[in-house]
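Below you'll find the structure, written out as structure tokens, and then a few comments.
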Amino acid sequence: MTKLSLQAPLYLLLALAALLPSLAHAQPTQKPTQTAPAAKPNPQQQEVDSLAACVKAVLGGIRPIANTRDVRFEGKVSEANALCRGGQQSLQFRLTPWVDWQTYWGTGDMSSLPNILLKNGPAFRGVTGALTDLEFQRIELIKFNLFDNAGTFQEYISGRNGTGGPALKVWPEMRLPKTDPNYAAVGGDGTQVCKGDLVRGRTLTGICNDVKNPLMGSNGTPFAHNVEFETAFPDRGANEYTRNRHGGRLSLLEPDPQVISRVLLTRQQSTPDTCNAGFGLPNNSPNANCDYQKATFFNVLAAYWIQFMTHDWFSHMEDGHNGPQYFDVGCKTKLVNNVEVPLTPEDIQQLGCRPGDQVDKTLVDQDTAPNTFKVGDKTYMTRAAETFTNTNTAWWDSSQIYGFDDESLKRVKRDPADPAKLLLVPLPGGDLSASGYLPVLGPDDPQQPQWAGQESVAFPDNWTIGLSFLHNLFVREHNSFVTEFRNQAKLAPNKDCGLRDPSNPKRVIRYKDITPDELFTAARLVVAAEVAKIHTIEWTPQLLYNEPLYKGMNGNWNGLLGTGDPDVSKALSDIVTKDFGKSKDVAKATQWYSVFASGPGIFGLGSKAQHYDITKADSINGGVNHFGSPFNFPEEFTSVYRLHPLIPDLIEYRDLSKDPNQIIEKVPVISTFEGKATDAMHLGGMANWGLSLGRQRLGALVLHNHPQFMQNITLPRLDTPTKQIDLAALDIIRDREHGVPRFNEFRRQYGLRQLTSYDDFMDPDVRALPADDPTRKPQQQAVDELRQLYGTHTCDASKVITDAQLNEDGTPINDCLGHPNGSVIDNIEDVDTVVGYLAEFRRPHGFAISETQFVVFILNASRRLFSDRFFTSSFRPEFYTQLGVDWVTNNGPGPAQIEKGEPNGHTQPVSPLKRILTRNIPELKAELDPVVNAFDPWARDRGEYYSLAWKPRPGAESDPAFKQ
């Protein structure tokens with residue numbers, strides 16, 4: 001070990017010690033408006049002042065991790081720390097609800113870099129300070145936002161046998177029930193531990209990912225919450241805080257969800273006839289046009305990617321169906337003088353909503369009154385008022401491809417010629433790619449009538465052209481891995497492939513010995529890990545396009561130490577897993593575990609243990625951490641991933657064999673639904689659809705930007721008068737039905753600052769402009785519409801509305817939100833969460849999502865890596881094969897390929913999705929060669945340092961997308 005490597009852990013600790021004081025005790029006072037920033041000194045003087053502020057910040061001491069949820073960090077730092085990290089510009093938002101780190105040096109584009117000779121120092125302080133803020137938020141989110149609905153919550157609060165709840169590792173509620181066919185295999189009535197074939201790979205139902213908690217994350221387990229149970233289902237007024245907060249104004253249909261959809265969410269059209277409500281023009285005419293607000297740095301492939309992901313992660317439905325009960329979904333009332341009154345026929349016609357729309361009620365798991373328990377002076381609920389089960393597996397296991405129950409498995413077709421592969425078939429006409437395409441559902445396959453003609457996949461619901469593309473792509477990738485493995489076997493049939501059978505661990509499994517089932521299982525592990533890696537280091541850094549998130553997400557995967565000294569990474573990994581991971585001390589097991597895991601990264605934690613034994617649960621499971629609460633997705637996570645504005649109404653179809661810069665058709669997305677997607681894919685081919693989805697910009701996640709076709713979609717499965725539904729309104733209804741708190745309390749629960757009026761939604765810079773400024777007009781219009789839809793009331797300062805936060809002076813927050821008692825104030829507490837996060841006009845640079853959505857991601861994106869042994873201690877050749885480990889590490893066969901140049905200042909490997917696309921659709925190689933991130937519009941010039949400019953790269957100047 002070199003001298004440098006010996007010092008590196010000390011260096012990391014010193015860096016943390018230097019950064020943590022930046023989270024100083026002093027917090028700015030919440031104000032409804034910002035104050036004008038002071039005049040900026042010259043750049044060199046600003047750096048002198050900034051360094052002086054750094055000294056002051058360090059002397060101010062370390063801000064402790066909050067002991068109670070009401071005094072959390074909230075993303076706001078002291079004046080000294082703001083000046084240290086970003087100079088005078090970092091003071092501008094301290095008096096607003098929005099987090100401070102977005103104004104630090106280096107966190108935006110070139111304009112965020114200080115204009116001084118030695119700019120790297122300030123940029124390092126700014127970016128590292130932002131990462132510190134984000135880590136501090138993650139620590140407190142882990143501490144305060146885990147609420148399991150499966151029966152473990154009481155022990156999480158009270159502990160067990162002297163061990164604090166957040167340090168617990170095993171729960172009786174996570175045992176397999178007697179009805180499970182694997183009950184005896186895991187230990188039956190005794191101590192349950194998974195072993196043998198149950199630990200070799202990902203199981204169909206998701207059991208045995210955690211070998212000591214076999215049931216965790218499996219299908220049929222209940223969704224969790226990230227908010228206190230008492231604040232969920234706010235329309236029920238279950239406690240005094242909720243009743244005071246909403247004043248009896250809420251119900252499942254109040255305010256009216258269809259009215260909200262039509263007023264706040266509809267895409268306005270400059271030429272309605274050429275859009276035709278999202279249905280385009282006959283024969284896919286390129287003269288069609290549907291206006292939508294576009295994100296310059298994200299493409300339509302990215303929009304379909306997240307649908308591909310959610311089909312893997314969660315579902316409230318059972319094979320395309322909810323419960324048998326139906327209810328109305330609005331278009332009934334509007335608010336007039338703060339009173340809900342019936343809509344008139346004229347109102348209905350003007351809005352374009354449908355009173356006859358109905359939808360099926362979500363399947364409920366538990367709806368009896370939950371038990372309560374008391375710890376100290378506080379009474380807790382053991383679960384939420386209602387719970388709902390995740391009918392999918394919660395693991396990142398590519399279950400949308402490989403199946404999650406017996407029914408879905410019947411739709412997964414393996415190749416009879418080589419059962420290690422998935423079945424792909426050539427087409428009798430059209431694209432004759434050697435790779436082939438997925439087979440179509442047959443008459444004997446389990447299916448709903450609306451799925452007729454679709455490709456046969458495990459999760460076929462809500463099928464679209466984008467899902468068809470991604471499913472075909474990753475099935476091809478599965479087969480590419482199998483093909484390469486077979487090639488290696490031909491070259492060296494007697495070589496150890498790395499795989500091991502825990503029932504006979506000493507037997508070396510050579511390449512020629514592997515069975516089709518073993519290779520299929522390994523290929524699934526590889527594909528699932530590739531998908532997780534793409535999402536972590538490719539999709540997310542393009543969704544959140546700035547330097548802190550690039551470093552943070554790559555840090556989640558590879559560690560903040562990156563590919564530096566492996567001895568240092570292993571040393572830190574050992575500290576995390578052997579000391580903190582096994583500790584019964586809550587602080588070590590949670591906050592210190594999270595901090596130190598940032599060094600080596602989450603992926604692979606515990607996989608390099610010196611005495612690893614595939615027969616021992618402590619080795620197999622050694623790198624996981626659930627932080628005292630069994631892993632499953634929370635209802636709030638499903639809420640913030642309802643990203644329907646990403647989808648355009650029309651897809652700009654291109655032909656790679658002709659001129660990629662030419663848009664030859666405008667294909668309505670609705671015409672590629674269900675079986676029509678399969679026809680479109682076969683006719684156009686993978687290369688042309690990849691080009692089309694890769695070049696087009698997706699929709700911005702803002703108000704007035706839901707696809708028009710989604711508000712008028714026909715769902716034949718609905719047994720209702722109209723058989724139609726407004727999906728924008730349905731997003732609102734499902735949140736209410738699943739108990740998601742309204743927006744302001746949602747922010748408080750996640751440790752973000754509350755808003756005090758609808759005006760707070762405006763960008764502070766824009767809000768400071770004169771009322772008649774054209775830049776201010778659209779934001780002011782949105783504020784006025786919020787006031788029209790959600791209304792106002794006379795406030796009562798005697799009513800405390802939350803225990804999740806306190807005022808700056810330590811007093812409880814009351815109904816007046818800082819306004820004088822008896823004032824007429826906005827019903828900001830009633831705003832639906834999906835509406836609120838779309839209404840956030842102020843966002844960090846390059847954020848396609850809002851600050852509120854992002855904080856949900858900080859917690860859950862990390863947890864789904866921390867909790868999964870196949871991404872931590874079981875990322876080893878014994879499970880993946882050596883080829884599989886190398887494949888995931890290097891983004892494909894052979895050594896890692898390095899991207900040309902230094903994009904945004906980084907030397908980086910060619911991204912995993914780019915390599916998958918070129919490996920499996922080689923026709924796209926020339927198109928993708930200049931592309932750095934496959935989710936950036938393929939013809940965009942990325943420019944310098946996180947530019948969001950919309951300009952063509954060389955060769956794409958004639959693309960009409962750049963003339964709009």
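Ordering of the structure tokens sets the chain letters (A, B, ...), residue numbers begin anew at 1 in every chain, and ligands are numbered from 1 in the order given.
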
### Message
For the structure I just gave you, how does DSSP split stretch 640-866 of chain A - specifically, which residues are helix (DSSP H, G or I)? Reply as a ChimeraX atom specification.
### Response
/A:640,644-646,669-672,675-684,686-695,709-712,727-737,743-749,758-761,764-767,777-790,828-830,833-838,851-866

Sorted by chain and rising residue number, which residues of stretch 688-744 of chain A lie within 10 Å of stretch 255-260 of chain A, and what are their closest atom pairs and distances in Å to one decimal, counting only C-alpha atoms, as a Markdown table?
| residue | atom | partner | partner_atom | distance |
| --- | --- | --- | --- | --- |
| A:Gln711 | CA | A:Gln258 | CA | 9.1 |
| A:Ile725 | CA | A:Gln258 | CA | 9.7 |
| A:Asp726 | CA | A:Gln258 | CA | 7.2 |
| A:Leu727 | CA | A:Gln258 | CA | 9.4 |
| A:Ala728 | CA | A:Gln258 | CA | 7.9 |
| A:Ala729 | CA | A:Pro257 | CA | 4.9 |
| A:Leu730 | CA | A:Pro257 | CA | 7.5 |
| A:Asp731 | CA | A:Pro257 | CA | 8.8 |
| A:Ile732 | CA | A:Pro257 | CA | 6.3 |
| A:Ile733 | CA | A:Pro257 | CA | 6.8 |

Restricting the output to N, CA and C atoms, write the selected residues as a PDB file, in the first residue's frame.
ATOM      1  N   GLN A 711     -55.975  13.442 -21.617  1.00  0.00           N
ATOM      2  CA  GLN A 711     -57.187  13.941 -20.963  1.00  0.00           C
ATOM      3  C   GLN A 711     -58.448  13.396 -21.617  1.00  0.00           C
ATOM      4  N   ILE A 725     -61.305   8.461 -19.633  1.00  0.00           N
ATOM      5  CA  ILE A 725     -60.744   8.980 -18.390  1.00  0.00           C
ATOM      6  C   ILE A 725     -59.786  10.114 -18.716  1.00  0.00           C
ATOM      7  N   ASP A 726     -59.727  11.060 -17.809  1.00  0.00           N
ATOM      8  CA  ASP A 726     -58.752  12.144 -17.875  1.00  0.00           C
ATOM      9  C   ASP A 726     -57.605  11.726 -16.959  1.00  0.00           C
ATOM     10  N   LEU A 727     -56.461  11.307 -17.549  1.00  0.00           N
ATOM     11  CA  LEU A 727     -55.361  10.786 -16.745  1.00  0.00           C
ATOM     12  C   LEU A 727     -54.730  11.856 -15.859  1.00  0.00           C
ATOM     13  N   ALA A 728     -54.804  13.110 -16.272  1.00  0.00           N
ATOM     14  CA  ALA A 728     -54.288  14.183 -15.412  1.00  0.00           C
ATOM     15  C   ALA A 728     -55.132  14.288 -14.146  1.00  0.00           C
ATOM     16  N   ALA A 729     -56.445  14.191 -14.300  1.00  0.00           N
ATOM     17  CA  ALA A 729     -57.328  14.201 -13.133  1.00  0.00           C
ATOM     18  C   ALA A 729     -57.146  12.928 -12.305  1.00  0.00           C
ATOM     19  N   LEU A 730     -56.909  11.811 -12.991  1.00  0.00           N
ATOM     20  CA  LEU A 730     -56.736  10.547 -12.280  1.00  0.00           C
ATOM     21  C   LEU A 730     -55.484  10.565 -11.410  1.00  0.00           C
ATOM     22  N   ASP A 731     -54.417  11.234 -11.865  1.00  0.00           N
ATOM     23  CA  ASP A 731     -53.216  11.373 -11.031  1.00  0.00           C
ATOM     24  C   ASP A 731     -53.567  12.013  -9.691  1.00  0.00           C
ATOM     25  N   ILE A 732     -54.400  13.041  -9.735  1.00  0.00           N
ATOM     26  CA  ILE A 732     -54.808  13.737  -8.517  1.00  0.00           C
ATOM     27  C   ILE A 732     -55.637  12.810  -7.639  1.00  0.00           C
ATOM     28  N   ILE A 733     -56.576  12.104  -8.243  1.00  0.00           N
ATOM     29  CA  ILE A 733     -57.468  11.227  -7.487  1.00  0.00           C
ATOM     30  C   ILE A 733     -56.690  10.098  -6.821  1.00  0.00           C
TER      31      ILE A 733
END

### Message
Using only C-alpha atoms for the distances, tell me which of A:Phe746, A:Trp950, A:Phe603, A:Phe308 is nearest to A:Thr872.
### Response
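Looking only at the distances to A:Thr872, the closest residue turns out to be A:Phe603.
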
### Message
Please identify the strand (DSSP E) residues within stretch 329-431 of chain A (assignment by DSSP from backbone atoms) and present them as an MDAnalysis selection string.
### Response
chainID A and resid 333:336 339:342 358:360 372:375 378:381 389:390

Go ahead and dump the residues you just picked, N, CA, C and O atoms, as a compact mmCIF listing (two decimals), in the first residue's frame.
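Generated output (selection38.txt):
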# COMPACT_ATOMS: atom_id res chain seq x y z
N THR A 333 -68.16 20.16 -9.74
CA THR A 333 -68.27 21.43 -9.01
C THR A 333 -67.08 22.34 -9.31
O THR A 333 -66.04 21.89 -9.80
N LYS A 334 -67.26 23.60 -8.96
CA LYS A 334 -66.15 24.55 -9.00
C LYS A 334 -66.27 25.45 -7.77
O LYS A 334 -67.32 25.50 -7.12
N LEU A 335 -65.20 26.15 -7.47
CA LEU A 335 -65.17 27.02 -6.30
C LEU A 335 -65.62 28.43 -6.70
O LEU A 335 -65.06 29.02 -7.61
N VAL A 336 -66.63 28.94 -6.02
CA VAL A 336 -67.11 30.31 -6.22
C VAL A 336 -67.24 30.96 -4.85
O VAL A 336 -67.99 30.47 -4.00
N VAL A 339 -66.84 28.61 -2.00
CA VAL A 339 -67.89 27.60 -1.81
C VAL A 339 -67.97 26.74 -3.06
O VAL A 339 -67.99 27.27 -4.18
N GLU A 340 -67.98 25.42 -2.89
CA GLU A 340 -68.12 24.53 -4.04
C GLU A 340 -69.57 24.58 -4.53
O GLU A 340 -70.51 24.32 -3.78
N VAL A 341 -69.75 24.93 -5.81
CA VAL A 341 -71.09 25.00 -6.42
C VAL A 341 -71.10 24.10 -7.65
O VAL A 341 -70.06 23.88 -8.28
N PRO A 342 -72.28 23.58 -8.01
CA PRO A 342 -72.35 22.69 -9.18
C PRO A 342 -71.95 23.41 -10.47
O PRO A 342 -72.21 24.61 -10.64
N GLN A 358 -65.98 7.68 -14.87
CA GLN A 358 -65.80 6.97 -13.61
C GLN A 358 -64.54 6.12 -13.70
O GLN A 358 -64.03 5.85 -14.79
N VAL A 359 -64.04 5.69 -12.54
CA VAL A 359 -62.85 4.84 -12.53
C VAL A 359 -62.98 3.82 -11.42
O VAL A 359 -63.72 4.03 -10.44
N ASP A 360 -62.27 2.71 -11.57
CA ASP A 360 -62.33 1.64 -10.57
C ASP A 360 -61.48 1.99 -9.36
O ASP A 360 -60.39 2.54 -9.47
N THR A 372 -52.95 1.59 18.00
CA THR A 372 -52.05 2.67 18.40
C THR A 372 -51.16 2.17 19.54
O THR A 372 -51.46 1.17 20.20
N PHE A 373 -50.04 2.85 19.77
CA PHE A 373 -49.17 2.54 20.89
C PHE A 373 -48.54 3.84 21.35
O PHE A 373 -48.52 4.84 20.63
N LYS A 374 -48.01 3.81 22.54
CA LYS A 374 -47.48 5.03 23.14
C LYS A 374 -46.02 4.82 23.53
O LYS A 374 -45.66 3.80 24.12
N VAL A 375 -45.17 5.76 23.15
CA VAL A 375 -43.78 5.79 23.58
C VAL A 375 -43.52 7.17 24.13
O VAL A 375 -43.67 8.17 23.42
N LYS A 378 -45.87 10.47 23.44
CA LYS A 378 -46.48 10.51 22.11
C LYS A 378 -47.17 9.20 21.77
O LYS A 378 -46.65 8.11 22.04
N THR A 379 -48.35 9.32 21.16
CA THR A 379 -49.11 8.17 20.69
C THR A 379 -48.93 8.03 19.18
O THR A 379 -49.02 9.01 18.44
N TYR A 380 -48.67 6.81 18.74
CA TYR A 380 -48.42 6.53 17.33
C TYR A 380 -49.46 5.55 16.79
O TYR A 380 -49.97 4.71 17.52
N MET A 381 -49.71 5.64 15.49
CA MET A 381 -50.47 4.62 14.79
C MET A 381 -49.51 3.54 14.30
O MET A 381 -48.37 3.83 13.93
N THR A 389 -51.41 -3.03 -1.49
CA THR A 389 -50.29 -3.91 -1.74
C THR A 389 -49.64 -3.61 -3.09
O THR A 389 -50.30 -3.21 -4.05
N ASN A 390 -48.34 -3.81 -3.11
CA ASN A 390 -47.59 -3.73 -4.34
C ASN A 390 -47.68 -5.08 -5.02
O ASN A 390 -47.11 -6.07 -4.53

Determine, counting only C-alpha atoms, which protein, DNA and RNA residues have an atom within 8 Å of an atom of A:Arg510; residues of the same chain fewer than 4 positions away are not included. Present the result as a PDB file with C-alpha atoms, in the first residue's frame.
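Below you can see around36.pdb, which holds the result:
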ATOM      1  CA  PRO A 493     -14.603 -24.663 -22.130  1.00  0.00           C
ATOM      2  CA  ASN A 494     -12.680 -25.855 -19.054  1.00  0.00           C
ATOM      3  CA  LYS A 495     -12.097 -22.404 -17.589  1.00  0.00           C
ATOM      4  CA  ASP A 496     -13.775 -21.513 -14.279  1.00  0.00           C
ATOM      5  CA  CYS A 497     -16.715 -19.234 -15.111  1.00  0.00           C
ATOM      6  CA  GLY A 498     -16.923 -18.015 -11.507  1.00  0.00           C
ATOM      7  CA  ILE A 514     -23.197 -24.270 -16.875  1.00  0.00           C
TER       8      ILE A 514
END
